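This is final_32.tsv. It holds TSV, C-alpha atoms.
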```tsv
chain	number	residue	atom	x	y	z
Z	539	MET	CA	0.85	-0.09	-29.28
Z	540	ILE	CA	0.49	0.70	-25.58
Z	541	HIS	CA	3.18	2.94	-24.04
Z	542	THR	CA	3.73	4.27	-20.54
Z	543	LEU	CA	4.95	7.70	-19.46
Z	544	ARG	CA	5.31	9.46	-16.11
Z	545	CYS	CA	2.77	12.09	-15.11
Z	546	PRO	CA	4.67	15.43	-14.81
Z	547	SER	CA	2.50	16.43	-11.85
Z	548	CYS	CA	2.58	13.38	-9.56
Z	549	GLY	CA	5.03	11.01	-11.27
Z	550	ALA	CA	2.48	8.19	-11.65
Z	551	PRO	CA	2.74	5.82	-14.64
Z	552	VAL	CA	0.24	6.78	-17.34
Z	553	ASP	CA	-0.65	4.41	-20.20
Z	554	TYR	CA	-1.57	5.58	-23.70
Z	555	ASP	CA	-2.11	4.02	-27.11
Z	556	GLU	CA	0.10	5.57	-29.80
Z	557	ARG	CA	-2.51	4.58	-32.40
Z	558	GLY	CA	-5.12	6.85	-30.81
Z	559	GLU	CA	-6.15	10.23	-32.10
Z	560	ARG	CA	-6.08	12.09	-28.80
Z	561	ASP	CA	-3.42	14.69	-28.04
Z	562	THR	CA	-3.74	14.28	-24.29
Z	563	VAL	CA	-4.52	11.64	-21.66
Z	564	ARG	CA	-5.74	12.03	-18.08
Z	565	CYS	CA	-3.61	10.75	-15.18
Z	566	PRO	CA	-5.69	8.17	-13.21
Z	567	PHE	CA	-4.03	9.25	-9.95
Z	568	CYS	CA	-4.01	13.07	-9.83
Z	569	GLU	CA	-6.45	13.71	-12.73
Z	570	SER	CA	-3.93	16.01	-14.46
Z	571	THR	CA	-4.04	16.37	-18.24
Z	572	VAL	CA	-0.84	15.00	-19.78
Z	573	MET	CA	0.36	15.89	-23.30
Z	574	LEU	CA	1.34	12.78	-25.24
Z	575	PRO	CA	4.99	12.75	-26.43
Z	576	ARG	CA	4.10	11.87	-30.03
Z	577	ARG	CA	1.93	14.97	-30.28
Z	578	GLU	CA	4.66	17.16	-28.83
Z	579	ARG	CA	6.88	16.19	-31.74
Z	580	ARG	CA	4.44	17.25	-34.44
Z	581	ALA	CA	6.07	19.29	-37.12
Z	582	VAL	CA	5.25	22.97	-37.10
Z	583	GLU	CA	3.49	24.44	-40.10
Z	584	GLN	CA	5.76	25.58	-42.87
Z	585	PRO	CA	5.82	29.36	-43.47
Z	586	PRO	CA	4.22	30.52	-46.70
Z	587	ALA	CA	6.49	30.50	-49.72
Z	588	VAL	CA	7.93	33.84	-50.80
Z	589	GLU	CA	7.95	34.56	-54.51
Z	590	TYR	CA	11.22	35.90	-55.87
Z	591	LYS	CA	11.89	37.42	-59.23
Z	592	SER	CA	14.36	35.33	-61.13
Z	593	ASN	CA	17.54	36.43	-62.93
Z	594	ASN	CA	20.65	34.53	-64.02
Z	595	THR	CA	22.70	35.44	-60.94
Z	596	SER	CA	19.98	34.44	-58.47
Z	597	VAL	CA	19.37	31.18	-60.32
Z	598	ILE	CA	23.05	30.21	-60.15
Z	599	ALA	CA	23.22	31.21	-56.48
Z	600	GLY	CA	20.11	29.16	-55.77
Z	601	VAL	CA	21.57	26.09	-57.41
Z	602	ILE	CA	24.76	26.39	-55.38
Z	603	VAL	CA	22.83	26.82	-52.12
Z	604	ALA	CA	20.63	23.83	-52.91
Z	605	PHE	CA	23.67	21.67	-53.74
Z	606	VAL	CA	25.38	22.59	-50.47
Z	607	ALA	CA	22.14	21.91	-48.54
Z	608	VAL	CA	21.87	18.43	-50.04
Z	609	ILE	CA	25.44	17.59	-49.04
Z	610	VAL	CA	25.00	18.88	-45.47
Z	611	THR	CA	21.69	17.04	-45.08
Z	612	GLY	CA	23.28	13.80	-46.26
Z	613	LEU	CA	26.15	14.12	-43.79
Z	614	VAL	CA	23.77	14.84	-40.90
Z	615	ALA	CA	21.59	11.87	-41.80
Z	616	PHE	CA	24.62	9.56	-42.05
Z	617	TYR	CA	25.91	10.71	-38.66
Z	618	ALA	CA	22.49	10.25	-37.05
Z	619	LEU	CA	22.09	6.74	-38.44
Z	620	HIS	CA	25.61	5.81	-37.39
Z	621	SER	CA	25.01	7.11	-33.85
Z	622	TYR	CA	21.69	5.28	-33.59
Z	623	TYR	CA	23.18	1.99	-34.77
Z	624	SER	CA	26.12	2.28	-32.39
Z	625	ALA	CA	23.86	3.09	-29.44
Z	626	SER	CA	21.39	0.29	-30.21
Z	627	THR	CA	24.14	-2.33	-30.44
Z	628	ASN	CA	25.60	-1.27	-27.08
Z	629	VAL	CA	22.39	-1.21	-25.01
Z	630	LYS	CA	22.69	-3.52	-22.03
Z	631	ARG	CA	19.67	-5.76	-21.54
Z	632	PRO	CA	18.84	-8.29	-18.86
Z	633	VAL	CA	20.53	-11.57	-19.65
Z	634	SER	CA	19.39	-15.06	-18.72
Z	635	SER	CA	20.85	-16.97	-15.83
Z	636	PRO	CA	20.88	-20.75	-15.37
Z	637	ASN	CA	19.38	-20.30	-11.89
Z	638	VAL	CA	15.87	-20.05	-13.36
Z	639	ARG	CA	14.68	-21.93	-16.40
Z	640	ILE	CA	11.40	-21.77	-18.23
Z	641	ASN	CA	10.09	-25.12	-19.42
Z	642	LEU	CA	9.21	-23.70	-22.82
Z	643	PRO	CA	12.27	-22.18	-24.50
Z	644	LEU	CA	12.84	-18.51	-25.09
Z	645	LYS	CA	13.29	-17.33	-28.68
Z	646	ASN	CA	16.78	-15.91	-29.23
Z	647	THR	CA	17.56	-16.45	-25.54
Z	648	SER	CA	16.95	-13.25	-23.53
Z	649	GLU	CA	15.97	-11.18	-26.57
Z	650	GLY	CA	12.84	-13.13	-27.60
Z	651	GLU	CA	9.43	-13.51	-26.03
Z	652	ALA	CA	8.79	-16.35	-23.60
Z	653	GLN	CA	6.33	-18.80	-25.15
Z	654	PRO	CA	3.26	-19.53	-22.99
Z	655	ASN	CA	1.75	-22.99	-22.86
Z	656	LEU	CA	-1.70	-21.37	-22.71
Z	657	SER	CA	-3.08	-18.07	-23.96
Z	658	PHE	CA	-6.62	-16.86	-24.46
Z	659	GLY	CA	-8.59	-13.71	-25.14
Z	660	SER	CA	-8.29	-10.82	-27.55
Z	661	GLU	CA	-9.48	-7.23	-27.73
Z	662	GLY	CA	-13.24	-6.84	-27.50
Z	663	THR	CA	-16.27	-6.78	-25.23
Z	664	GLY	CA	-17.79	-10.23	-25.77
Z	665	ALA	CA	-17.45	-13.28	-23.55
Z	666	GLY	CA	-13.76	-14.17	-23.34
Z	667	TYR	CA	-12.65	-10.83	-24.78
Z	668	PHE	CA	-10.92	-8.02	-22.89
Z	669	LYS	CA	-10.59	-4.25	-23.16
Z	670	ASP	CA	-8.30	-3.53	-20.20
Z	671	ALA	CA	-7.60	-6.64	-18.11
Z	672	ARG	CA	-5.18	-5.73	-15.33
Z	673	SER	CA	-6.16	-8.03	-12.42
Z	674	ILE	CA	-6.01	-11.82	-12.30
Z	675	ALA	CA	-6.58	-14.44	-9.60
Z	676	VAL	CA	-6.86	-18.24	-9.35
Z	677	ASP	CA	-8.46	-20.56	-6.79
Z	678	ALA	CA	-7.71	-24.13	-5.70
Z	679	GLU	CA	-10.15	-25.56	-8.29
Z	680	GLY	CA	-8.23	-23.94	-11.13
Z	681	HIS	CA	-10.79	-21.23	-11.88
Z	682	ILE	CA	-9.21	-18.14	-13.41
Z	683	TYR	CA	-10.71	-14.74	-12.57
Z	684	VAL	CA	-9.84	-11.80	-14.81
Z	685	GLY	CA	-10.82	-8.24	-13.84
Z	686	GLU	CA	-11.15	-5.22	-16.13
Z	687	TYR	CA	-9.64	-1.98	-14.82
Z	688	ILE	CA	-12.48	0.09	-16.29
Z	689	GLY	CA	-16.08	-1.15	-16.41
Z	690	GLY	CA	-15.90	-3.46	-13.39
Z	691	ARG	CA	-16.31	-6.70	-15.33
Z	692	VAL	CA	-14.91	-9.92	-13.83
Z	693	GLN	CA	-14.84	-12.94	-16.16
Z	694	VAL	CA	-14.43	-16.51	-14.94
Z	695	PHE	CA	-12.62	-19.23	-16.92
Z	696	ASP	CA	-11.77	-22.86	-16.25
Z	697	SER	CA	-8.16	-24.09	-16.10
Z	698	THR	CA	-8.04	-24.46	-19.91
Z	699	GLY	CA	-9.14	-20.87	-20.57
Z	700	LYS	CA	-12.74	-21.77	-21.44
Z	701	PHE	CA	-15.18	-19.00	-20.58
Z	702	LEU	CA	-17.63	-19.98	-17.82
Z	703	THR	CA	-19.43	-16.88	-16.63
Z	704	GLN	CA	-19.01	-13.23	-15.71
Z	705	TRP	CA	-20.23	-10.70	-13.19
Z	706	THR	CA	-19.82	-6.98	-12.63
Z	707	VAL	CA	-18.86	-4.81	-9.67
Z	708	ASP	CA	-19.05	-1.00	-9.73
Z	709	ALA	CA	-18.82	-0.09	-13.42
Z	710	LYS	CA	-17.97	3.55	-12.70
Z	711	MET	CA	-14.89	3.03	-10.55
Z	712	PRO	CA	-11.48	1.51	-11.45
Z	713	LEU	CA	-10.90	-2.05	-10.31
Z	714	ARG	CA	-7.58	-1.55	-8.52
Z	715	GLY	CA	-6.76	-5.04	-7.28
Z	716	MET	CA	-8.11	-8.58	-6.98
Z	717	ALA	CA	-7.26	-11.88	-5.28
Z	718	ALA	CA	-8.93	-15.26	-4.71
Z	719	ASP	CA	-8.59	-17.71	-1.84
Z	720	ARG	CA	-8.62	-21.49	-2.11
Z	721	ARG	CA	-12.38	-21.70	-1.45
Z	722	GLY	CA	-13.23	-19.51	-4.44
Z	723	THR	CA	-13.90	-16.28	-2.59
Z	724	VAL	CA	-12.80	-13.34	-4.72
Z	725	TYR	CA	-11.61	-10.11	-3.08
Z	726	VAL	CA	-12.07	-6.98	-5.18
Z	727	VAL	CA	-10.46	-3.60	-4.43
Z	728	GLN	CA	-12.61	-0.65	-5.48
Z	729	LYS	CA	-13.38	2.79	-4.04
Z	730	GLY	CA	-10.78	2.21	-1.31
Z	731	LYS	CA	-12.59	-0.88	0.00
Z	732	ILE	CA	-12.02	-4.63	-0.20
Z	733	THR	CA	-15.24	-6.49	-0.98
Z	734	ARG	CA	-15.78	-10.26	-0.81
Z	735	HIS	CA	-17.59	-11.97	-3.70
Z	736	GLU	CA	-18.66	-15.52	-4.41
Z	737	GLY	CA	-16.37	-16.42	-7.27
Z	738	MET	CA	-18.81	-18.19	-9.59
Z	739	THR	CA	-21.76	-15.83	-9.14
Z	740	GLY	CA	-20.25	-12.52	-8.00
Z	741	ARG	CA	-22.69	-12.43	-5.10
Z	742	THR	CA	-21.46	-9.86	-2.57
Z	743	GLN	CA	-20.46	-11.24	0.82
Z	744	GLY	CA	-19.63	-7.93	2.51
Z	745	ASP	CA	-16.61	-5.71	2.95
Z	746	VAL	CA	-13.42	-6.61	4.78
Z	747	ALA	CA	-13.76	-4.74	8.06
Z	748	TYR	CA	-11.01	-2.36	9.14
Z	749	SER	CA	-11.35	0.12	12.00
Z	750	GLY	CA	-8.74	2.52	10.66
Z	751	ARG	CA	-8.97	4.74	7.61
Z	752	SER	CA	-9.03	2.37	4.68
Z	753	GLY	CA	-8.09	3.66	1.22
Z	754	PHE	CA	-7.17	0.14	0.12
Z	755	ASP	CA	-5.40	-0.11	-3.24
Z	756	ASP	CA	-4.26	-3.75	-3.51
Z	757	VAL	CA	-4.77	-7.13	-1.85
Z	758	ALA	CA	-3.13	-10.57	-1.82
Z	759	VAL	CA	-4.14	-13.87	-0.18
Z	760	THR	CA	-1.78	-15.57	2.27
Z	761	ALA	CA	-1.07	-19.31	2.36
Z	762	GLU	CA	-3.24	-19.80	5.48
Z	763	GLY	CA	-6.21	-18.00	3.94
Z	764	GLY	CA	-5.66	-14.54	5.36
Z	765	LEU	CA	-5.05	-11.29	3.52
Z	766	VAL	CA	-2.32	-8.71	3.05
Z	767	ALA	CA	-3.50	-5.32	1.83
Z	768	PHE	CA	-2.04	-1.92	1.01
Z	769	SER	CA	-3.78	1.20	2.30
Z	770	SER	CA	-2.80	4.60	0.91
Z	771	ASP	CA	-5.34	6.75	2.73
Z	772	ALA	CA	-3.26	8.21	5.55
Z	773	HIS	CA	0.16	6.60	5.00
Z	774	ASP	CA	1.58	3.81	2.86
Z	775	ASP	CA	0.48	1.18	5.39
Z	776	ILE	CA	0.36	-2.59	4.90
Z	777	ILE	CA	-2.33	-4.42	6.87
Z	778	ARG	CA	-2.35	-8.15	7.57
Z	779	PHE	CA	-5.62	-10.02	8.27
Z	780	ASN	CA	-6.00	-13.61	9.50
Z	781	SER	CA	-8.39	-16.12	7.93
Z	782	SER	CA	-11.18	-14.84	10.20
Z	783	GLY	CA	-10.78	-11.30	8.89
Z	784	GLU	CA	-9.16	-9.94	12.03
Z	785	VAL	CA	-6.26	-7.48	11.81
Z	786	THR	CA	-3.09	-9.10	13.13
Z	787	LYS	CA	-0.50	-6.55	12.04
Z	788	VAL	CA	-0.27	-3.02	10.65
Z	789	ILE	CA	3.06	-1.97	9.12
Z	790	ARG	CA	2.95	1.82	9.34
Z	791	SER	CA	4.60	3.80	6.51
Z	792	ALA	CA	5.95	0.55	5.15
Z	793	ILE	CA	7.97	2.11	2.33
Z	794	SER	CA	8.23	5.80	3.15
Z	795	GLY	CA	9.50	4.75	6.59
Z	796	GLN	CA	12.49	3.13	4.88
Z	797	THR	CA	13.19	5.68	2.14
Z	798	ASP	CA	11.68	8.98	3.38
Z	799	ARG	CA	9.91	9.12	0.01
Z	800	SER	CA	6.12	8.94	-0.11
Z	801	GLU	CA	4.54	6.04	-1.93
Z	802	LEU	CA	1.09	6.11	-3.53
Z	803	THR	CA	1.08	2.86	-5.48
Z	804	ILE	CA	2.08	-0.44	-3.88
Z	805	ARG	CA	1.47	-3.95	-5.19
Z	806	VAL	CA	1.68	-6.69	-2.54
Z	807	ALA	CA	2.48	-10.41	-2.55
Z	808	THR	CA	3.33	-13.09	0.00
Z	809	ASP	CA	5.26	-16.36	-0.04
Z	810	GLY	CA	4.56	-19.70	1.62
Z	811	LEU	CA	6.46	-18.65	4.74
Z	812	GLY	CA	4.24	-15.64	5.27
Z	813	GLN	CA	6.85	-13.08	4.23
Z	814	ILE	CA	5.46	-9.93	2.62
Z	815	TYR	CA	6.78	-8.31	-0.56
Z	816	ALA	CA	5.74	-4.77	-1.43
Z	817	LEU	CA	6.49	-3.28	-4.86
Z	818	GLY	CA	6.69	0.51	-4.69
Z	819	ALA	CA	5.97	2.04	-8.11
Z	820	PHE	CA	7.27	5.50	-7.17
Z	821	ASN	CA	10.37	4.10	-5.47
Z	822	ASP	CA	11.06	1.53	-8.22
Z	823	ALA	CA	11.96	-1.07	-5.62
Z	824	VAL	CA	10.73	-4.15	-3.75
Z	825	PHE	CA	10.56	-4.08	0.06
Z	826	LYS	CA	10.52	-7.34	2.02
Z	827	PHE	CA	9.01	-7.81	5.49
Z	828	SER	CA	8.85	-10.73	7.89
Z	829	PRO	CA	5.46	-12.24	8.81
Z	830	ASP	CA	5.38	-10.07	11.93
Z	831	GLY	CA	6.03	-6.91	9.91
Z	832	ARG	CA	9.75	-6.45	10.52
Z	833	PHE	CA	11.61	-4.86	7.59
Z	834	LEU	CA	14.17	-7.27	6.13
Z	835	THR	CA	15.60	-5.88	2.90
Z	836	GLN	CA	14.90	-4.03	-0.31
Z	837	PHE	CA	16.10	-4.42	-3.89
Z	838	GLY	CA	15.72	-2.71	-7.23
Z	839	SER	CA	16.06	0.86	-8.46
Z	840	ALA	CA	15.02	2.99	-11.43
Z	841	GLY	CA	16.75	2.13	-14.71
Z	842	ASP	CA	17.07	-0.33	-17.58
Z	843	GLU	CA	19.87	-2.53	-16.29
Z	844	PRO	CA	19.24	-6.07	-14.98
Z	845	GLY	CA	17.60	-5.76	-11.57
Z	846	GLN	CA	16.29	-2.25	-12.25
Z	847	PHE	CA	12.72	-1.22	-13.04
Z	848	ARG	CA	11.03	1.10	-15.49
Z	849	ALA	CA	7.38	1.75	-14.53
Z	850	PRO	CA	6.91	-1.44	-12.44
Z	851	GLN	CA	3.40	-2.88	-12.52
Z	852	ALA	CA	2.98	-6.20	-10.70
Z	853	ILE	CA	4.66	-8.65	-8.33
Z	854	ALA	CA	4.19	-12.36	-7.61
Z	855	VAL	CA	6.06	-15.09	-5.70
Z	856	ASP	CA	6.28	-18.68	-6.96
Z	857	ASN	CA	6.25	-21.94	-4.99
Z	858	GLN	CA	10.06	-21.90	-4.75
Z	859	GLY	CA	10.17	-18.44	-3.14
Z	860	ARG	CA	11.35	-16.65	-6.29
Z	861	VAL	CA	10.06	-13.12	-6.81
Z	862	TYR	CA	8.70	-11.96	-10.19
Z	863	VAL	CA	8.43	-8.25	-10.96
Z	864	SER	CA	6.95	-6.87	-14.18
Z	865	ASP	CA	7.59	-3.52	-15.83
Z	866	ILE	CA	7.40	-2.15	-19.36
Z	867	LYS	CA	10.47	-4.21	-20.37
Z	868	GLY	CA	9.14	-7.59	-19.27
Z	869	VAL	CA	9.29	-9.77	-16.14
Z	870	GLN	CA	12.43	-10.02	-14.02
Z	871	VAL	CA	13.05	-12.87	-11.61
Z	872	PHE	CA	14.85	-12.61	-8.25
Z	873	ASP	CA	15.60	-15.00	-5.43
Z	874	ALA	CA	14.01	-14.46	-2.03
Z	875	ASN	CA	16.84	-12.11	-0.98
Z	876	GLY	CA	16.62	-9.92	-4.06
Z	877	ARG	CA	19.45	-11.39	-6.14
Z	878	TYR	CA	18.72	-11.00	-9.85
Z	879	LEU	CA	18.26	-14.35	-11.59
Z	880	ASN	CA	16.61	-14.07	-14.96
Z	881	PHE	CA	14.44	-12.13	-17.40
Z	882	MET	CA	11.27	-13.06	-19.29
Z	883	LYS	CA	10.18	-10.95	-22.23
Z	884	VAL	CA	6.42	-11.24	-22.59
Z	885	LYS	CA	3.93	-9.95	-25.11
Z	886	GLY	CA	2.58	-6.61	-23.94
Z	887	VAL	CA	2.89	-5.45	-20.33
Z	888	ALA	CA	2.12	-7.79	-17.42
Z	889	PHE	CA	-0.29	-5.65	-15.40
Z	890	GLY	CA	-1.40	-8.57	-13.23
Z	891	MET	CA	0.45	-11.75	-12.17
Z	892	VAL	CA	-0.42	-14.70	-9.95
Z	893	PHE	CA	0.74	-18.31	-9.38
Z	894	ASN	CA	-1.42	-21.39	-8.90
Z	895	ASP	CA	-0.64	-24.52	-6.86
Z	896	HIS	CA	1.21	-26.10	-9.80
Z	897	ASN	CA	3.75	-23.26	-9.98
Z	898	GLU	CA	2.19	-21.93	-13.18
Z	899	LEU	CA	2.40	-18.20	-13.75
Z	900	PHE	CA	-0.70	-16.40	-15.03
Z	901	ILE	CA	-0.37	-12.95	-16.57
Z	902	ALA	CA	-3.07	-10.43	-17.45
Z	903	ALA	CA	-1.86	-8.15	-20.26
Z	904	ARG	CA	-4.86	-5.94	-21.03
Z	905	THR	CA	-6.32	-7.87	-23.99
Z	906	GLN	CA	-4.91	-11.36	-23.36
Z	907	VAL	CA	-4.14	-13.84	-20.60
Z	908	PHE	CA	-1.01	-16.01	-20.66
Z	909	LYS	CA	0.07	-19.04	-18.62
Z	910	PHE	CA	3.69	-20.12	-18.26
Z	911	ALA	CA	4.85	-23.43	-16.77
Z	912	LEU	CA	8.03	-23.09	-14.72
Z	913	ASN	CA	10.21	-25.92	-13.43
Z	914	LYS	CA	11.63	-26.34	-9.94
Z	915	GLN	CA	15.21	-25.28	-10.63
```
What does this structure look like when you write it as structure tokens?
Amino acid sequence: MIHTLRCPSCGAPVDYDERGERDTVRCPFCESTVMLPRRERRAVEQPPAVEYKSNNTSVIAGVIVAFVAVIVTGLVAFYALHSYYSASTNVKRPVSSPNVRINLPLKNTSEGEAQPNLSFGSEGTGAGYFKDARSIAVDAEGHIYVGEYIGGRVQVFDSTGKFLTQWTVDAKMPLRGMAADRRGTVYVVQKGKITRHEGMTGRTQGDVAYSGRSGFDDVAVTAEGGLVAFSSDAHDDIIRFNSSGEVTKVIRSAISGQTDRSELTIRVATDGLGQIYALGAFNDAVFKFSPDGRFLTQFGSAGDEPGQFRAPQAIAVDNQGRVYVSDIKGVQVFDANGRYLNFMKVKGVAFGMVFNDHNELFIAARTQVFKFALNKQ
């Protein structure tokens, strides 16, 4: 099972598999070595047994001590179980709201997993299999592009999840972000650059030009065919490009300018009105900007209550202007002003999310892809 912890050095979310044999994992942001919690709880070696000479008095004393130890252990275990049960029954979880409904019903309301109307893929390296799928994009023809975080592989599927082809970018560098425009051009974020690719062949069509220091870490396509990108090189800047690739706006220190807290990981999304949404992983919040870059509002905070985030991963906006934010708990839904609406529990962690023209939500969850059909209400 995949878990996420915070790097003690830089605070970045670090994923690890509890089934693995490693004692440590390397932070992908600061390269620090992080000790896994499960290994920290390993029992210490028992001291060697000491041999005692037996007599009647010591035997009786030993029996009494053992009897008392059994009673004390039983009481401690009972108290621990009682405390655990009480705590687990009082945990507050996000509850559903009638403002957003999913066409396919949730099992056990807010406690069960949302049921997708399409899912494909499993763990592996063959065609249609995934090892670490974290980026996903769709074009106007319904092609689904799924990018692997490590290895640089991009697989292409039709609208039914049938494998069509694949191509590879830099296999040695993490694939940080990906988006596709309506014409089937795929934008891949690697090595701090945004590179254009022909969607069906992977043929490189050049980098997105930017005169400033780049350091790009995520990209999203706007309704008119332009781009919105996050650059972490000098500041946490958000850059807007028009459909011709020209820079039309730079939002300097987009998040740190509002919170006075630096931000290294931002996921970006836009709605049909051109408004920009930036999910700050270190700030555990969403920041909304107007099309011309003016700050409008922010919502979210760190925590497990409805409307709060725990290791947020991805953000997407549907055709009704609702905002979807994923974290290790699931996917939370907000209206355009940040009011909490609903919660979707999904299988695994939604590392990548995107909507198509039919208001269908696609999720990349490392070894599988899911599609959910949402209604208009």
Checklist line | Residues near Val759 of chain Z, cut-off 9 Å, all atoms listed in the file, skip fewer than 2 positions along chain, as a PyMOL selection string | finding: chain Z and resi 717-719+725+757+761-767+807-808
Keeping C-alpha atoms for every residue in the selection just given, could you write it to a file as a PDB file, in the frame of the given file?
```pdb
ATOM      1  CA  ALA Z 717      -7.260 -11.880  -5.280  1.00  0.00           C
ATOM      2  CA  ALA Z 718      -8.930 -15.260  -4.710  1.00  0.00           C
ATOM      3  CA  ASP Z 719      -8.590 -17.710  -1.840  1.00  0.00           C
ATOM      4  CA  TYR Z 725     -11.610 -10.110  -3.080  1.00  0.00           C
ATOM      5  CA  VAL Z 757      -4.770  -7.130  -1.850  1.00  0.00           C
ATOM      6  CA  ALA Z 761      -1.070 -19.310   2.360  1.00  0.00           C
ATOM      7  CA  GLU Z 762      -3.240 -19.800   5.480  1.00  0.00           C
ATOM      8  CA  GLY Z 763      -6.210 -18.000   3.940  1.00  0.00           C
ATOM      9  CA  GLY Z 764      -5.660 -14.540   5.360  1.00  0.00           C
ATOM     10  CA  LEU Z 765      -5.050 -11.290   3.520  1.00  0.00           C
ATOM     11  CA  VAL Z 766      -2.320  -8.710   3.050  1.00  0.00           C
ATOM     12  CA  ALA Z 767      -3.500  -5.320   1.830  1.00  0.00           C
ATOM     13  CA  ALA Z 807       2.480 -10.410  -2.550  1.00  0.00           C
ATOM     14  CA  THR Z 808       3.330 -13.090   0.000  1.00  0.00           C
TER      15      THR Z 808
END
```
Item checked: Near-Lys883 of chain Z list (6 Å; only C-alpha atoms; drop same-chain fewer than 6 positions) as a PyMOL selection string -> chain Z and resi 651-652+868
Check: How many Å separate atom CA of Ser657 of chain Z from atom CA of Phe881 of chain Z?
Finding: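 Between atom CA of Ser657 of chain Z and atom CA of Phe881 of chain Z the gap is 19.6 Å.
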Notebook entry, point to check: Which of these residues is nearest to Ala772 of chain Z, using all atoms listed in the file: Z:Gln870, Z:Ser660, Z:Thr786, Z:Ser794?
Noted result: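 Under the stated criterion, the closest residue is Z:Ser794.
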Checklist line | Atomic separation - atom CA of His681 of chain Z relative to atom CA of Arg860 of chain Z, Å | finding: 23.3 Å
Note to self: To one decimal place in Å, what is the distance between atom CA of Thr706 of chain Z and atom CA of Thr742 of chain Z?
What the structure shows: 10.6 Å
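Distances here use all atoms listed in the file; by that measure, the residue among Z:Phe827, Z:Phe833, Z:Phe910, Z:Trp705 closest to Val884 of chain Z is Z:Phe910.
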Item checked: For Ile674 of chain Z: contacts at 12 Å, all atoms listed in the file, fewer than 4 positions along chain excluded, given as a ChimeraX atom specification -> /Z:670,681-687,691-695,713-718,724-726,757-758,852-854,888-894,899-904,906-909
Next item on the list: Go through Z:Ile732, Z:Ala747, Z:Met738, Z:Ala816 and flag the residue nearest Gly831 of chain Z, using all atoms listed in the file for the distances.
Entry: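 Closest to Gly831 of chain Z, using all atoms listed in the file: Z:Ala816.
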Notebook entry, point to check: Which residue out of Z:Ile866, Z:Val785, Z:Val855, Z:Ala665 has the minimum interatomic distance to Asp895 of chain Z when only C-alpha atoms are used?
Noted result: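 Comparing Z:Ile866, Z:Val785, Z:Val855, Z:Ala665 against Asp895 of chain Z, the winner is Z:Val855.
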Next item on the list: Could you pull out every residue with an atom within 8 Å of (0.2, -2.3, 2.2), file coordinates, counting all atoms listed in the file, and send them as a VMD selection string?
Entry: chain Z and resid 756 766 to 770 774 to 777 789 792 804 to 806 816
I need the residues from that last selection saved to file as a PDB file, in the coordinates of the input (with C-alpha atoms), if you can.
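Okay, this is what ended up in part13.pdb:
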```pdb
ATOM      1  CA  ASP Z 756      -4.260  -3.750  -3.510  1.00  0.00           C
ATOM      2  CA  VAL Z 766      -2.320  -8.710   3.050  1.00  0.00           C
ATOM      3  CA  ALA Z 767      -3.500  -5.320   1.830  1.00  0.00           C
ATOM      4  CA  PHE Z 768      -2.040  -1.920   1.010  1.00  0.00           C
ATOM      5  CA  SER Z 769      -3.780   1.200   2.300  1.00  0.00           C
ATOM      6  CA  SER Z 770      -2.800   4.600   0.910  1.00  0.00           C
ATOM      7  CA  ASP Z 774       1.580   3.810   2.860  1.00  0.00           C
ATOM      8  CA  ASP Z 775       0.480   1.180   5.390  1.00  0.00           C
ATOM      9  CA  ILE Z 776       0.360  -2.590   4.900  1.00  0.00           C
ATOM     10  CA  ILE Z 777      -2.330  -4.420   6.870  1.00  0.00           C
ATOM     11  CA  ILE Z 789       3.060  -1.970   9.120  1.00  0.00           C
ATOM     12  CA  ALA Z 792       5.950   0.550   5.150  1.00  0.00           C
ATOM     13  CA  ILE Z 804       2.080  -0.440  -3.880  1.00  0.00           C
ATOM     14  CA  ARG Z 805       1.470  -3.950  -5.190  1.00  0.00           C
ATOM     15  CA  VAL Z 806       1.680  -6.690  -2.540  1.00  0.00           C
ATOM     16  CA  ALA Z 816       5.740  -4.770  -1.430  1.00  0.00           C
TER      17      ALA Z 816
END
```
Note to self: Between Z:Asn880, Z:Ser673, Z:Gln846, Z:Ser828, which residue has the minimum interatomic distance to Ile814 of chain Z, considering only C-alpha atoms?
What the structure shows: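 Nearest to Ile814 of chain Z: Z:Ser828.
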Check: Pick the closest to Gln728 of chain Z from Z:Ser697, Z:Ser782, Z:Ser752, Z:Thr797: which is it, counting all atoms listed in the file?
Finding: Z:Ser752
